[in-house]
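Next comes coords.tsv, with TSV, C-alpha atoms.
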chain	number	residue	atom	x	y	z
A	1	MET	CA	132.89	77.27	142.76
A	2	THR	CA	135.46	75.64	140.49
A	3	PHE	CA	136.71	77.15	137.24
A	4	LEU	CA	134.73	74.58	135.24
A	5	GLN	CA	131.58	75.44	137.15
A	6	ARG	CA	132.18	79.13	136.49
A	7	ILE	CA	132.50	78.41	132.77
A	8	GLN	CA	129.37	76.29	132.86
A	9	GLN	CA	127.49	79.00	134.74
A	10	ALA	CA	128.64	81.61	132.22
A	11	SER	CA	127.68	79.31	129.37
A	12	VAL	CA	124.22	78.82	130.82
A	13	LEU	CA	123.68	82.57	130.93
A	14	LYS	CA	125.12	83.09	127.46
A	15	LEU	CA	123.12	80.24	126.01
A	16	THR	CA	119.93	81.55	127.60
A	17	ARG	CA	120.52	85.03	126.19
A	18	ALA	CA	121.37	83.55	122.79
A	19	ALA	CA	118.12	81.57	122.95
A	20	CYS	CA	116.17	84.77	123.66
A	21	ILE	CA	117.81	86.66	120.78
A	22	LEU	CA	117.34	83.79	118.31
A	23	ALA	CA	113.71	83.40	119.37
A	24	LEU	CA	113.10	87.15	118.92
A	25	ILE	CA	114.55	87.04	115.39
A	26	GLY	CA	112.43	84.00	114.53
A	27	LEU	CA	109.31	85.65	115.93
A	28	ALA	CA	110.03	88.83	113.96
A	29	LEU	CA	110.25	86.81	110.73
A	30	MET	CA	107.00	84.98	111.52
A	31	THR	CA	105.25	88.28	112.29
A	32	TRP	CA	106.57	89.76	109.03
A	33	SER	CA	105.03	86.88	107.07
A	34	LEU	CA	101.69	87.42	108.80
A	35	LEU	CA	101.57	91.16	108.18
A	36	ASP	CA	102.93	90.98	104.63
A	37	PRO	CA	102.02	87.54	103.23
A	38	ARG	CA	103.86	87.61	99.90
A	39	ALA	CA	106.06	84.87	98.52
A	40	ILE	CA	109.41	85.85	100.05
A	41	PRO	CA	108.20	86.72	103.60
A	42	VAL	CA	106.15	83.50	103.81
A	43	ILE	CA	109.02	81.32	102.54
A	44	VAL	CA	111.58	83.05	104.78
A	45	ALA	CA	109.33	82.68	107.84
A	46	MET	CA	108.70	79.00	107.16
A	47	SER	CA	112.37	78.18	106.60
A	48	VAL	CA	114.72	80.69	108.24
A	49	GLY	CA	112.20	81.71	110.91
A	50	HIS	CA	111.59	78.12	111.95
A	51	ALA	CA	115.35	77.43	111.93
A	52	PHE	CA	115.86	80.36	114.33
A	53	GLY	CA	113.04	79.02	116.51
A	54	PHE	CA	114.51	75.52	116.65
A	55	GLY	CA	117.95	77.01	117.32
A	56	ALA	CA	116.55	79.08	120.17
A	57	PHE	CA	114.85	76.11	121.77
A	58	GLY	CA	118.01	74.03	121.29
A	59	CYS	CA	120.09	76.68	123.07
A	60	TYR	CA	117.55	76.77	125.88
A	61	LEU	CA	117.58	72.97	126.27
A	62	LEU	CA	121.38	72.94	126.25
A	63	ALA	CA	121.38	75.62	128.92
A	64	VAL	CA	118.98	73.55	131.03
A	65	ILE	CA	121.11	70.42	130.64
A	66	LEU	CA	124.29	72.30	131.58
A	67	ASP	CA	122.51	73.88	134.55
A	68	VAL	CA	121.23	70.51	135.80
A	69	ARG	CA	124.67	68.95	135.38
A	70	SER	CA	126.39	71.76	137.26
A	71	ALA	CA	123.76	71.57	140.03
A	72	ARG	CA	124.31	67.80	140.33
A	73	ALA	CA	128.07	68.24	140.38
A	74	GLU	CA	127.72	70.88	143.06
A	75	SER	CA	125.48	68.74	145.27
A	76	ALA	CA	127.79	65.74	144.81
A	77	SER	CA	130.81	67.77	145.90
A	78	ASP	CA	128.86	69.11	148.90
A	79	HIS	CA	127.85	65.54	149.83
A	80	SER	CA	131.43	64.29	149.60
A	81	THR	CA	132.65	67.23	151.74
A	82	ASP	CA	130.02	66.39	154.41
A	83	THR	CA	131.08	62.70	154.39
A	84	ASP	CA	134.75	63.64	154.76
A	85	THR	CA	133.97	65.96	157.66
A	86	LYS	CA	131.95	63.26	159.50
A	87	SER	CA	134.62	60.57	159.05
B	1	MET	CA	98.40	93.51	74.40
B	2	GLU	CA	100.47	96.56	75.22
B	3	SER	CA	97.35	98.23	76.55
B	4	ARG	CA	96.88	95.31	78.95
B	5	ALA	CA	100.48	95.66	80.09
B	6	ALA	CA	99.94	99.38	80.51
B	7	GLN	CA	96.75	98.74	82.47
B	8	GLY	CA	98.63	96.35	84.77
B	9	ALA	CA	101.40	98.88	85.34
B	10	THR	CA	98.86	101.63	85.98
B	11	ARG	CA	97.07	99.40	88.47
B	12	HIS	CA	100.31	98.74	90.39
B	13	LEU	CA	101.20	102.45	90.29
B	14	GLN	CA	97.74	103.46	91.47
B	15	ALA	CA	97.99	100.95	94.32
B	16	ARG	CA	101.37	102.37	95.31
B	17	VAL	CA	100.02	105.92	95.29
B	18	GLU	CA	97.14	104.81	97.49
B	19	GLY	CA	99.60	103.20	99.88
B	20	ARG	CA	98.51	99.61	99.36
B	21	THR	CA	100.28	96.71	97.72
B	22	ILE	CA	98.77	94.42	95.15
B	23	GLY	CA	98.77	90.93	96.53
B	24	ARG	CA	98.79	91.94	100.17
B	25	ILE	CA	96.23	90.11	102.25
B	26	VAL	CA	95.15	91.61	105.54
B	27	PRO	CA	95.50	88.93	108.21
B	28	HIS	CA	91.96	88.71	109.42
B	29	THR	CA	91.76	85.05	110.28
B	30	TRP	CA	91.67	84.05	113.91
B	31	LEU	CA	94.81	81.96	113.36
B	32	ALA	CA	96.78	85.04	112.37
B	33	ILE	CA	95.48	86.90	115.41
B	34	VAL	CA	96.41	84.01	117.73
B	35	SER	CA	99.85	83.87	116.14
B	36	LEU	CA	100.45	87.61	116.52
B	37	MET	CA	99.30	87.54	120.15
B	38	ALA	CA	101.55	84.56	120.96
B	39	ALA	CA	104.51	86.26	119.27
B	40	ALA	CA	103.86	89.50	121.17
B	41	ALA	CA	103.56	87.73	124.53
B	42	SER	CA	106.71	85.72	123.86
B	43	ALA	CA	108.63	88.83	122.78
B	44	ALA	CA	107.55	90.63	125.96
B	45	ILE	CA	108.88	87.79	128.15
B	46	LEU	CA	112.16	87.57	126.24
B	47	LEU	CA	112.78	91.32	126.15
B	48	ARG	CA	112.08	91.56	129.89
B	49	PHE	CA	114.69	88.85	130.51
B	50	LEU	CA	117.24	90.51	128.23
B	51	VAL	CA	116.74	93.99	129.69
B	52	ARG	CA	116.35	93.23	133.40
B	53	ARG	CA	118.74	90.27	133.51
B	54	PRO	CA	117.18	88.50	136.50
B	55	ASN	CA	118.84	85.54	138.29
B	56	LEU	CA	118.32	82.17	136.67
B	57	ASN	CA	116.09	80.78	139.41
B	58	LEU	CA	113.21	78.36	138.90
B	59	PRO	CA	110.46	80.96	138.17
B	60	THR	CA	112.73	82.68	135.61
B	61	LYS	CA	113.49	79.34	133.95
B	62	LEU	CA	109.79	78.53	133.76
B	63	TRP	CA	109.02	81.94	132.25
B	64	LEU	CA	111.80	81.37	129.72
B	65	PHE	CA	110.39	77.94	128.90
B	66	VAL	CA	107.08	79.65	128.10
B	67	GLY	CA	108.84	82.47	126.19
B	68	VAL	CA	111.27	80.31	124.20
B	69	GLY	CA	109.32	77.06	123.91
B	70	VAL	CA	105.57	77.20	124.37
B	71	LEU	CA	104.55	80.55	122.87
B	72	PRO	CA	106.94	80.46	119.87
B	73	THR	CA	105.70	76.94	119.06
B	74	LEU	CA	102.12	78.22	119.12
B	75	ALA	CA	103.14	81.21	116.98
B	76	ALA	CA	105.04	78.98	114.53
B	77	VAL	CA	102.22	76.47	114.11
B	78	THR	CA	99.50	79.09	113.67
B	79	SER	CA	101.62	81.32	111.41
B	80	THR	CA	102.51	78.32	109.24
B	81	VAL	CA	98.87	77.32	108.83
B	82	SER	CA	97.92	80.96	108.24
B	83	GLY	CA	100.81	81.41	105.76
B	84	MET	CA	99.90	78.25	103.86
B	85	GLU	CA	96.31	79.46	103.70
B	86	ALA	CA	97.52	82.84	102.39
B	87	THR	CA	99.39	81.09	99.58
B	88	THR	CA	96.10	79.66	98.27
B	89	GLN	CA	94.56	83.13	97.76
B	90	ARG	CA	94.19	84.64	94.28
B	91	GLU	CA	95.71	87.89	95.63
B	92	PHE	CA	98.86	85.95	96.53
B	93	CYS	CA	99.20	84.53	93.01
B	94	GLY	CA	98.69	88.03	91.60
B	95	SER	CA	101.43	89.47	93.83
B	96	CYS	CA	104.08	88.64	91.17
B	97	HIS	CA	103.80	91.21	88.37
B	98	VAL	CA	103.97	88.54	85.65
B	99	MET	CA	100.61	87.25	86.90
B	100	THR	CA	98.91	90.67	86.73
B	101	GLY	CA	97.18	89.80	83.47
B	102	HIS	CA	95.83	86.53	84.86
B	103	TYR	CA	94.76	88.24	88.07
B	104	ASP	CA	93.05	91.12	86.26
B	105	ASP	CA	91.24	88.80	83.89
B	106	SER	CA	90.01	86.49	86.62
B	107	SER	CA	88.82	89.50	88.67
B	108	ASN	CA	87.09	91.15	85.71
B	109	PRO	CA	83.31	90.78	86.07
B	110	GLN	CA	82.91	91.33	82.31
B	111	SER	CA	85.37	88.63	81.28
B	112	GLN	CA	83.95	85.39	79.92
B	113	SER	CA	87.21	83.44	80.15
B	114	LEU	CA	87.12	80.08	81.89
B	115	ALA	CA	89.27	81.46	84.71
B	116	ALA	CA	87.02	84.49	85.23
B	117	ARG	CA	83.81	82.47	85.20
B	118	HIS	CA	85.24	80.06	87.76
B	119	SER	CA	86.48	82.94	89.92
B	120	ARG	CA	82.94	84.31	90.02
B	121	ASN	CA	81.77	80.97	91.38
B	122	PRO	CA	81.68	81.20	95.19
B	123	PHE	CA	83.09	77.67	95.50
B	124	PHE	CA	86.34	78.86	93.86
B	125	GLY	CA	86.15	82.58	94.58
B	126	GLU	CA	89.29	84.00	96.11
B	127	ARG	CA	91.03	80.62	95.83
B	128	ALA	CA	90.31	80.08	92.15
B	129	CYS	CA	93.99	79.76	91.03
B	130	TYR	CA	94.71	77.20	93.73
B	131	VAL	CA	91.50	75.16	93.32
B	132	CYS	CA	92.00	74.79	89.55
B	133	HIS	CA	95.79	74.35	89.51
B	134	ALA	CA	96.35	72.26	92.65
B	135	ASP	CA	97.15	68.65	91.92
B	136	TYR	CA	94.30	66.40	92.83
B	137	GLY	CA	95.00	63.38	95.01
B	138	MET	CA	96.43	62.33	98.33
B	139	TYR	CA	99.70	64.22	97.94
B	140	GLY	CA	98.19	67.10	95.98
B	141	TYR	CA	98.80	69.72	98.64
B	142	PRO	CA	102.57	69.18	99.18
B	143	VAL	CA	103.15	68.54	95.48
B	144	THR	CA	101.40	71.83	94.64
B	145	LYS	CA	103.42	73.70	97.26
B	146	ALA	CA	106.65	72.22	95.88
B	147	GLY	CA	105.57	73.39	92.43
B	148	GLY	CA	104.98	76.84	93.91
B	149	MET	CA	108.58	76.89	95.15
B	150	ARG	CA	109.65	76.30	91.55
B	151	HIS	CA	107.62	79.35	90.53
B	152	VAL	CA	109.37	81.45	93.18
B	153	TYR	CA	112.77	80.18	92.02
B	154	LEU	CA	111.99	81.02	88.40
B	155	TYR	CA	110.68	84.45	89.37
B	156	TYR	CA	113.79	85.49	91.29
B	157	PHE	CA	116.51	83.48	89.52
B	158	GLY	CA	114.97	82.41	86.22
B	159	GLY	CA	114.53	85.85	84.69
B	160	TYR	CA	110.78	86.25	85.21
B	161	ARG	CA	111.34	89.21	87.50
B	162	GLN	CA	112.93	91.25	84.70
B	163	MET	CA	110.19	90.43	82.19
B	164	THR	CA	107.57	92.93	81.14
B	165	LEU	CA	103.98	91.82	81.39
B	166	ALA	CA	103.67	91.55	77.60
B	167	GLN	CA	106.82	89.39	77.49
B	168	ALA	CA	105.55	87.21	80.32
B	169	GLU	CA	102.24	86.59	78.58
B	170	ARG	CA	104.08	85.51	75.43
B	171	GLU	CA	106.86	83.47	76.97
B	172	ILE	CA	105.65	81.90	80.21
B	173	HIS	CA	103.87	78.61	79.67
B	174	ILE	CA	102.25	76.08	81.95
B	175	VAL	CA	104.92	73.51	82.83
B	176	LYS	CA	102.90	70.46	81.77
B	177	PRO	CA	99.54	69.99	80.03
B	178	TYR	CA	96.66	70.86	82.30
B	179	ASN	CA	95.32	67.72	83.95
B	180	ASN	CA	91.67	67.04	83.13
B	181	LEU	CA	91.36	65.33	86.48
B	182	ASN	CA	91.36	68.80	88.07
B	183	CYS	CA	88.22	69.70	86.08
B	184	ARG	CA	86.70	66.37	86.95
B	185	GLN	CA	86.96	67.03	90.68
B	186	CYS	CA	83.71	68.96	90.21
B	187	HIS	CA	82.48	68.14	86.71
B	188	THR	CA	81.68	64.48	86.76
B	189	THR	CA	82.23	62.57	83.54
B	190	THR	CA	80.01	59.68	84.49
B	191	ALA	CA	76.65	61.45	84.60
B	192	SER	CA	74.32	60.95	81.65
B	193	VAL	CA	74.16	64.70	81.05
B	194	TRP	CA	77.89	64.67	80.31
B	195	ARG	CA	77.80	61.52	78.21
B	196	ARG	CA	74.92	62.88	76.12
B	197	VAL	CA	77.28	65.45	74.56
B	198	PRO	CA	78.53	63.77	71.34
B	199	ASP	CA	82.08	65.23	71.61
B	200	HIS	CA	82.41	63.99	75.17
B	201	TYR	CA	81.24	60.53	74.22
B	202	SER	CA	83.46	60.24	71.15
B	203	MET	CA	86.57	61.62	72.87
B	204	SER	CA	86.21	60.07	76.30
B	205	ALA	CA	89.40	57.99	75.86
B	206	GLU	CA	91.40	61.08	74.86
B	207	ILE	CA	89.92	63.09	77.73
B	208	ASP	CA	90.71	60.30	80.21
B	209	SER	CA	94.32	60.10	79.02
B	210	ASN	CA	94.78	63.91	78.88
B	211	ARG	CA	95.47	63.83	75.16
B	212	VAL	CA	92.65	66.35	74.75
B	213	SER	CA	92.25	69.06	77.34
B	214	CYS	CA	88.86	70.18	78.60
B	215	ALA	CA	90.31	73.71	78.33
B	216	SER	CA	91.12	73.34	74.61
B	217	VAL	CA	89.95	76.03	72.26
B	218	GLY	CA	86.79	74.71	70.66
B	219	CYS	CA	85.92	72.79	73.81
B	220	HIS	CA	85.67	74.88	77.00
B	221	GLY	CA	88.81	77.01	76.77
B	222	ALA	CA	91.13	78.59	76.62
B	223	ALA	CA	91.24	79.26	80.32
B	224	HIS	CA	93.36	82.41	79.90
B	225	PRO	CA	92.75	83.30	76.24
B	226	PHE	CA	94.86	86.48	76.22
B	227	THR	CA	98.03	84.47	76.92
B	228	LYS	CA	97.24	82.18	73.99
B	229	ARG	CA	96.78	85.19	71.71
B	230	ALA	CA	100.04	86.69	73.01
B	231	GLN	CA	101.89	83.43	72.41
B	232	ALA	CA	100.41	83.13	68.93
B	233	SER	CA	101.58	86.66	68.11
B	234	VAL	CA	105.25	85.56	68.22
B	235	GLU	CA	104.62	82.86	65.63
B	236	PRO	CA	103.38	84.75	62.56
B	237	GLY	CA	101.55	82.74	59.98
B	238	LYS	CA	100.72	79.96	62.40
B	239	PRO	CA	97.32	80.00	64.11
B	240	GLY	CA	97.73	80.03	67.86
B	241	PRO	CA	95.77	77.86	70.21
B	242	GLY	CA	93.51	80.80	71.03
B	243	GLU	CA	92.82	81.74	67.42
B	244	PRO	CA	90.41	80.25	64.90
B	245	LYS	CA	92.05	78.12	62.22
B	246	PRO	CA	91.85	79.45	58.65
Using the file provided, produce a representation of the structure as structure tokens.
Amino acid sequence: MTFLQRIQQASVLKLTRAACILALIGLALMTWSLLDPRAIPVIVAMSVGHAFGFGAFGCYLLAVILDVRSARAESASDHSTDTDTKS
Amino acid sequence: MESRAAQGATRHLQARVEGRTIGRIVPHTWLAIVSLMAAAASAAILLRFLVRRPNLNLPTKLWLFVGVGVLPTLAAVTSTVSGMEATTQREFCGSCHVMTGHYDDSSNPQSQSLAARHSRNPFFGERACYVCHADYGMYGYPVTKAGGMRHVYLYYFGGYRQMTLAQAEREIHIVKPYNNLNCRQCHTTTASVWRRVPDHYSMSAEIDSNRVSCASVGCHGAAHPFTKRAQASVEPGKPGPGEPKP
């Protein structure tokens, strides 16, 4: 595994954990607005809560993209190694 | 007027002693329950991932997709609809202390104000503030919600929060003249029973153009007469809109 791949792998894990934490914060704000539907909780849930939710899903998608890219890069390098060995 | 303010304060204090909050609505709708269940399921998946730290294999990724994408989306959509619904409730409008007088009057079974009589009507009921004050028309809902944001801004940053109830009843006014179209959502002005009233017939142009409000004193108002009396009390010598002219 190259250094870049290691960074990408670490980023995938970090991004996934960040996505989980952001999603938990967003869910907590949404739950607050449901249990205590006054002006501020409802507004915060619909603005900040949704922003956290979108951020979480964005982090997750970025993690998936990085993971797919690293997997492709890995398979390509394996394929080139096989070709070199055969020739 | 002070006694009304004192009653409002006592009501809030009593509610606090009893451990409840004025303006709090118990989430009993199925949407709120669905939202809470989706949020709980999503939180369980996410916490499990954060605590156990499993390898990022395909099943884990799929679980995370459900925990970060599917369930939070369901929770967000249902909580938004449920939250928007909560903002149309009379309890919600009464959750700001400056609205205590309006809330108390509309909830008072003895009151004969326009607001109270409409609140006793099951069609308006718990949504009386919203039904009467929401802008009518295609964009009525978002326009009304945007107007509500202005109320929140004024409450927290415009000094309303520091006002006493008596001050609020004197100083807070409706932002623009009440639109007769809102009354005419239900009360048709084309039926013969309406046109038979001489004042309606003679003032139909003024009513159509909002130059005369249906909720004028002497017609069918005032909707919240105590606020009119409170506002008149700061202008001595001048009859207020809720008072008879000399």
Per-residue nearest contacts chain B to chain A, cut-off 8 Å, using only C-alpha atoms, as JSON lines:
{"residue": "B:Gly23", "atom": "CA", "partner": "A:Arg38", "partner_atom": "CA", "distance": 6.9}
{"residue": "B:Arg24", "atom": "CA", "partner": "A:Asp36", "partner_atom": "CA", "distance": 6.2}
{"residue": "B:Ile25", "atom": "CA", "partner": "A:Pro37", "partner_atom": "CA", "distance": 6.4}
{"residue": "B:Val26", "atom": "CA", "partner": "A:Leu35", "partner_atom": "CA", "distance": 7.0}
{"residue": "B:Pro27", "atom": "CA", "partner": "A:Leu34", "partner_atom": "CA", "distance": 6.4}
{"residue": "B:Ala32", "atom": "CA", "partner": "A:Leu34", "partner_atom": "CA", "distance": 6.5}
{"residue": "B:Ser35", "atom": "CA", "partner": "A:Thr31", "partner_atom": "CA", "distance": 8.0}
{"residue": "B:Leu36", "atom": "CA", "partner": "A:Thr31", "partner_atom": "CA", "distance": 6.4}
{"residue": "B:Ala39", "atom": "CA", "partner": "A:Leu27", "partner_atom": "CA", "distance": 5.9}
{"residue": "B:Ala43", "atom": "CA", "partner": "A:Leu24", "partner_atom": "CA", "distance": 6.1}
{"residue": "B:Leu46", "atom": "CA", "partner": "A:Cys20", "partner_atom": "CA", "distance": 5.5}
{"residue": "B:Leu47", "atom": "CA", "partner": "A:Cys20", "partner_atom": "CA", "distance": 7.8}
{"residue": "B:Leu50", "atom": "CA", "partner": "A:Arg17", "partner_atom": "CA", "distance": 6.7}
{"residue": "B:Leu56", "atom": "CA", "partner": "A:Leu13", "partner_atom": "CA", "distance": 7.9}
{"residue": "B:Phe65", "atom": "CA", "partner": "A:Tyr60", "partner_atom": "CA", "distance": 7.9}
{"residue": "B:Val68", "atom": "CA", "partner": "A:Phe57", "partner_atom": "CA", "distance": 6.0}
{"residue": "B:Gly69", "atom": "CA", "partner": "A:Phe57", "partner_atom": "CA", "distance": 6.0}
{"residue": "B:Pro72", "atom": "CA", "partner": "A:Leu27", "partner_atom": "CA", "distance": 6.9}
{"residue": "B:Ala75", "atom": "CA", "partner": "A:Leu27", "partner_atom": "CA", "distance": 7.7}
{"residue": "B:Ala76", "atom": "CA", "partner": "A:Met30", "partner_atom": "CA", "distance": 7.0}
{"residue": "B:Ser79", "atom": "CA", "partner": "A:Met30", "partner_atom": "CA", "distance": 6.5}
{"residue": "B:Thr80", "atom": "CA", "partner": "A:Met46", "partner_atom": "CA", "distance": 6.6}
{"residue": "B:Ser82", "atom": "CA", "partner": "A:Leu34", "partner_atom": "CA", "distance": 7.5}
{"residue": "B:Gly83", "atom": "CA", "partner": "A:Val42", "partner_atom": "CA", "distance": 6.1}
{"residue": "B:Ala86", "atom": "CA", "partner": "A:Pro37", "partner_atom": "CA", "distance": 6.6}
{"residue": "B:Thr87", "atom": "CA", "partner": "A:Ala39", "partner_atom": "CA", "distance": 7.7}
{"residue": "B:Phe92", "atom": "CA", "partner": "A:Arg38", "partner_atom": "CA", "distance": 6.3}
{"residue": "B:Ser95", "atom": "CA", "partner": "A:Arg38", "partner_atom": "CA", "distance": 6.8}
{"residue": "B:Val152", "atom": "CA", "partner": "A:Ala39", "partner_atom": "CA", "distance": 7.2}
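In this structure, CA of Phe157 in chain B sits 14.1 Å away from CA of Val98 in chain B.
The closest residue to Leu29 in chain A, picked from A:Ala71, A:Val44, A:Leu15, A:Asp78 and counting all atoms listed in the file, is A:Val44.
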Pull range 41-66 of chain B out of the block and emit N, CA and C atoms, as a PDB file, in the first residue's frame.
ATOM      1  N   ALA B  41     -33.420   4.636  15.370  1.00  0.00           N
ATOM      2  CA  ALA B  41     -32.791   3.528  14.638  1.00  0.00           C
ATOM      3  C   ALA B  41     -31.474   3.984  14.015  1.00  0.00           C
ATOM      4  N   SER B  42     -31.498   5.190  13.433  1.00  0.00           N
ATOM      5  CA  SER B  42     -30.282   5.726  12.818  1.00  0.00           C
ATOM      6  C   SER B  42     -29.191   5.935  13.867  1.00  0.00           C
ATOM      7  N   ALA B  43     -29.572   6.494  15.010  1.00  0.00           N
ATOM      8  CA  ALA B  43     -28.594   6.737  16.081  1.00  0.00           C
ATOM      9  C   ALA B  43     -27.993   5.423  16.570  1.00  0.00           C
ATOM     10  N   ALA B  44     -28.813   4.373  16.648  1.00  0.00           N
ATOM     11  CA  ALA B  44     -28.312   3.068  17.097  1.00  0.00           C
ATOM     12  C   ALA B  44     -27.246   2.539  16.129  1.00  0.00           C
ATOM     13  N   ILE B  45     -27.520   2.652  14.825  1.00  0.00           N
ATOM     14  CA  ILE B  45     -26.554   2.182  13.812  1.00  0.00           C
ATOM     15  C   ILE B  45     -25.258   2.982  13.906  1.00  0.00           C
ATOM     16  N   LEU B  46     -25.389   4.294  14.012  1.00  0.00           N
ATOM     17  CA  LEU B  46     -24.201   5.160  14.014  1.00  0.00           C
ATOM     18  C   LEU B  46     -23.368   4.972  15.289  1.00  0.00           C
ATOM     19  N   LEU B  47     -24.049   4.860  16.418  1.00  0.00           N
ATOM     20  CA  LEU B  47     -23.314   4.665  17.682  1.00  0.00           C
ATOM     21  C   LEU B  47     -22.589   3.319  17.680  1.00  0.00           C
ATOM     22  N   ARG B  48     -23.254   2.306  17.126  1.00  0.00           N
ATOM     23  CA  ARG B  48     -22.616   0.973  17.053  1.00  0.00           C
ATOM     24  C   ARG B  48     -21.334   1.066  16.229  1.00  0.00           C
ATOM     25  N   PHE B  49     -21.404   1.800  15.105  1.00  0.00           N
ATOM     26  CA  PHE B  49     -20.218   1.950  14.254  1.00  0.00           C
ATOM     27  C   PHE B  49     -19.112   2.700  14.992  1.00  0.00           C
ATOM     28  N   LEU B  50     -19.505   3.769  15.695  1.00  0.00           N
ATOM     29  CA  LEU B  50     -18.496   4.588  16.380  1.00  0.00           C
ATOM     30  C   LEU B  50     -17.865   3.847  17.556  1.00  0.00           C
ATOM     31  N   VAL B  51     -18.645   3.016  18.227  1.00  0.00           N
ATOM     32  CA  VAL B  51     -18.131   2.332  19.421  1.00  0.00           C
ATOM     33  C   VAL B  51     -17.330   1.088  19.025  1.00  0.00           C
ATOM     34  N   ARG B  52     -17.904   0.272  18.164  1.00  0.00           N
ATOM     35  CA  ARG B  52     -17.243  -1.007  17.821  1.00  0.00           C
ATOM     36  C   ARG B  52     -16.160  -0.888  16.758  1.00  0.00           C
ATOM     37  N   ARG B  53     -16.233   0.145  15.962  1.00  0.00           N
ATOM     38  CA  ARG B  53     -15.254   0.411  14.898  1.00  0.00           C
ATOM     39  C   ARG B  53     -15.000  -0.824  14.014  1.00  0.00           C
ATOM     40  N   PRO B  54     -16.018  -1.316  13.341  1.00  0.00           N
ATOM     41  CA  PRO B  54     -15.809  -2.490  12.490  1.00  0.00           C
ATOM     42  C   PRO B  54     -15.065  -2.119  11.201  1.00  0.00           C
ATOM     43  N   ASN B  55     -14.570  -3.128  10.471  1.00  0.00           N
ATOM     44  CA  ASN B  55     -13.901  -2.872   9.189  1.00  0.00           C
ATOM     45  C   ASN B  55     -14.902  -2.304   8.200  1.00  0.00           C
ATOM     46  N   LEU B  56     -14.372  -1.490   7.275  1.00  0.00           N
ATOM     47  CA  LEU B  56     -15.273  -0.864   6.289  1.00  0.00           C
ATOM     48  C   LEU B  56     -15.505  -1.830   5.120  1.00  0.00           C
ATOM     49  N   ASN B  57     -16.162  -2.949   5.401  1.00  0.00           N
ATOM     50  CA  ASN B  57     -16.501  -3.865   4.312  1.00  0.00           C
ATOM     51  C   ASN B  57     -17.882  -3.517   3.760  1.00  0.00           C
ATOM     52  N   LEU B  58     -18.327  -4.293   2.785  1.00  0.00           N
ATOM     53  CA  LEU B  58     -19.587  -3.945   2.106  1.00  0.00           C
ATOM     54  C   LEU B  58     -20.796  -3.910   3.050  1.00  0.00           C
ATOM     55  N   PRO B  59     -20.997  -4.934   3.913  1.00  0.00           N
ATOM     56  CA  PRO B  59     -22.161  -4.843   4.815  1.00  0.00           C
ATOM     57  C   PRO B  59     -22.120  -3.604   5.714  1.00  0.00           C
ATOM     58  N   THR B  60     -20.921  -3.258   6.215  1.00  0.00           N
ATOM     59  CA  THR B  60     -20.807  -2.060   7.073  1.00  0.00           C
ATOM     60  C   THR B  60     -21.175  -0.807   6.296  1.00  0.00           C
ATOM     61  N   LYS B  61     -20.681  -0.748   5.030  1.00  0.00           N
ATOM     62  CA  LYS B  61     -20.992   0.433   4.208  1.00  0.00           C
ATOM     63  C   LYS B  61     -22.489   0.539   3.953  1.00  0.00           C
ATOM     64  N   LEU B  62     -23.128  -0.602   3.731  1.00  0.00           N
ATOM     65  CA  LEU B  62     -24.573  -0.576   3.490  1.00  0.00           C
ATOM     66  C   LEU B  62     -25.332  -0.135   4.749  1.00  0.00           C
ATOM     67  N   TRP B  63     -24.884  -0.648   5.907  1.00  0.00           N
ATOM     68  CA  TRP B  63     -25.511  -0.221   7.162  1.00  0.00           C
ATOM     69  C   TRP B  63     -25.341   1.278   7.374  1.00  0.00           C
ATOM     70  N   LEU B  64     -24.122   1.766   7.032  1.00  0.00           N
ATOM     71  CA  LEU B  64     -23.874   3.206   7.185  1.00  0.00           C
ATOM     72  C   LEU B  64     -24.730   4.020   6.221  1.00  0.00           C
ATOM     73  N   PHE B  65     -24.940   3.475   5.011  1.00  0.00           N
ATOM     74  CA  PHE B  65     -25.794   4.176   4.053  1.00  0.00           C
ATOM     75  C   PHE B  65     -27.205   4.340   4.635  1.00  0.00           C
ATOM     76  N   VAL B  66     -27.673   3.253   5.288  1.00  0.00           N
ATOM     77  CA  VAL B  66     -29.001   3.319   5.922  1.00  0.00           C
ATOM     78  C   VAL B  66     -28.961   4.313   7.094  1.00  0.00           C
TER      79      VAL B  66
END
